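Dumped coords.txt below, it's compact mmCIF, C-alpha atoms:
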```txt
# COMPACT_ATOMS: atom_id res chain seq x y z
CA MET A 1 73.00 27.19 113.43
CA GLN A 2 72.53 30.80 112.48
CA ILE A 3 75.37 33.08 111.45
CA THR A 4 75.07 36.75 110.65
CA ILE A 5 77.36 38.08 107.92
CA THR A 6 77.90 41.49 106.40
CA LEU A 7 78.14 41.63 102.62
CA THR A 8 79.41 44.43 100.45
CA ASP A 9 77.18 45.93 97.78
CA LYS A 10 79.34 44.19 95.17
CA GLU A 11 78.86 40.81 96.86
CA VAL A 12 75.10 41.30 97.05
CA ALA A 13 75.03 42.30 93.38
CA GLN A 14 76.97 39.15 92.48
CA LEU A 15 74.52 36.97 94.43
CA GLN A 16 71.56 38.71 92.79
CA ALA A 17 73.10 38.08 89.36
CA MET A 18 73.48 34.43 90.34
CA ILE A 19 69.79 34.34 91.28
CA GLU A 20 68.82 35.85 87.94
CA ARG A 21 70.85 33.19 86.08
CA HIS A 22 69.16 30.53 88.23
CA LYS A 23 65.73 31.75 87.08
CA VAL A 24 66.63 30.86 83.49
CA PHE A 25 67.03 27.18 84.32
CA GLU A 26 64.79 26.61 87.35
CA THR A 27 61.19 27.37 88.20
CA LYS A 28 61.80 27.18 91.96
CA GLN A 29 62.34 30.53 93.68
CA CYS A 30 65.97 31.15 94.68
CA THR A 31 66.73 33.43 97.63
CA LEU A 32 69.92 35.18 98.74
CA GLU A 33 70.31 32.45 101.34
CA ASP A 34 69.98 29.77 98.64
CA ALA A 35 72.64 31.52 96.56
CA ILE A 36 75.01 31.67 99.53
CA HIS A 37 74.48 27.96 100.22
CA GLU A 38 75.19 27.21 96.56
CA CYS A 39 78.46 29.15 96.75
CA ILE A 40 79.49 27.18 99.83
CA ARG A 41 78.57 23.84 98.22
CA SER A 42 80.52 24.81 95.11
CA THR A 43 83.58 25.70 97.15
CA MET A 44 83.37 22.46 99.12
CA TYR A 45 83.17 20.51 95.84
CA ASP A 46 86.10 22.40 94.33
CA GLU A 47 88.24 21.74 97.40
CA SER A 48 87.42 18.04 97.37
CA GLU A 49 88.39 17.85 93.67
CA GLU A 50 91.77 19.47 94.41
CA ALA A 51 92.47 16.88 97.11
CA ARG A 52 92.26 14.00 94.62
```
Using structure tokens, write down the structure that the file contains.
Amino acid sequence: MQITITLTDKEVAQLQAMIERHKVFETKQCTLEDAIHECIRSTMYDESEEAR
């Protein structure tokens, strides 16, 4: 499934900062899409922890 979203400059900057932090720990290239997926996975994990 493909979804098109519009991000603010602040949101893009936050994702780019996340990518820069990722570079410190990983050798694999991280894209904006990867960063968005990571945010979604993190939210899903947080929500499952709250349900316990």
Skip stretch 32-38 of chain A itself and residues of its chain fewer than 3 positions away, then list as a PyMOL selection string all residues within 9 Å of it, counting all atoms listed in the file.
chain A and resi 12+15-16+18-19+41-43
Atoms kept (C-alpha atoms) for selection, written as an mmCIF file, in the frame of the given file:
```cif
data_model
loop_
_atom_site.group_PDB
_atom_site.id
_atom_site.type_symbol
_atom_site.label_atom_id
_atom_site.label_comp_id
_atom_site.auth_asym_id
_atom_site.auth_seq_id
_atom_site.Cartn_x
_atom_site.Cartn_y
_atom_site.Cartn_z
ATOM 1 C CA VAL A 12 75.100 41.300 97.050
ATOM 2 C CA LEU A 15 74.520 36.970 94.430
ATOM 3 C CA GLN A 16 71.560 38.710 92.790
ATOM 4 C CA MET A 18 73.480 34.430 90.340
ATOM 5 C CA ILE A 19 69.790 34.340 91.280
ATOM 6 C CA ARG A 41 78.570 23.840 98.220
ATOM 7 C CA SER A 42 80.520 24.810 95.110
ATOM 8 C CA THR A 43 83.580 25.700 97.150
#
```
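Going from atom CA of A:Gln2 to atom CA of A:Glu49 covers 27.8 Å.
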Distance atom CA of A:Ala13-atom CA of A:Cys30, one decimal place?
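So the two atoms, atom CA of A:Ala13 and atom CA of A:Cys30, lie 14.4 Å apart.
The coordinates place atom CA of A:Glu11 at 20.7 Å from atom CA of A:Val24.
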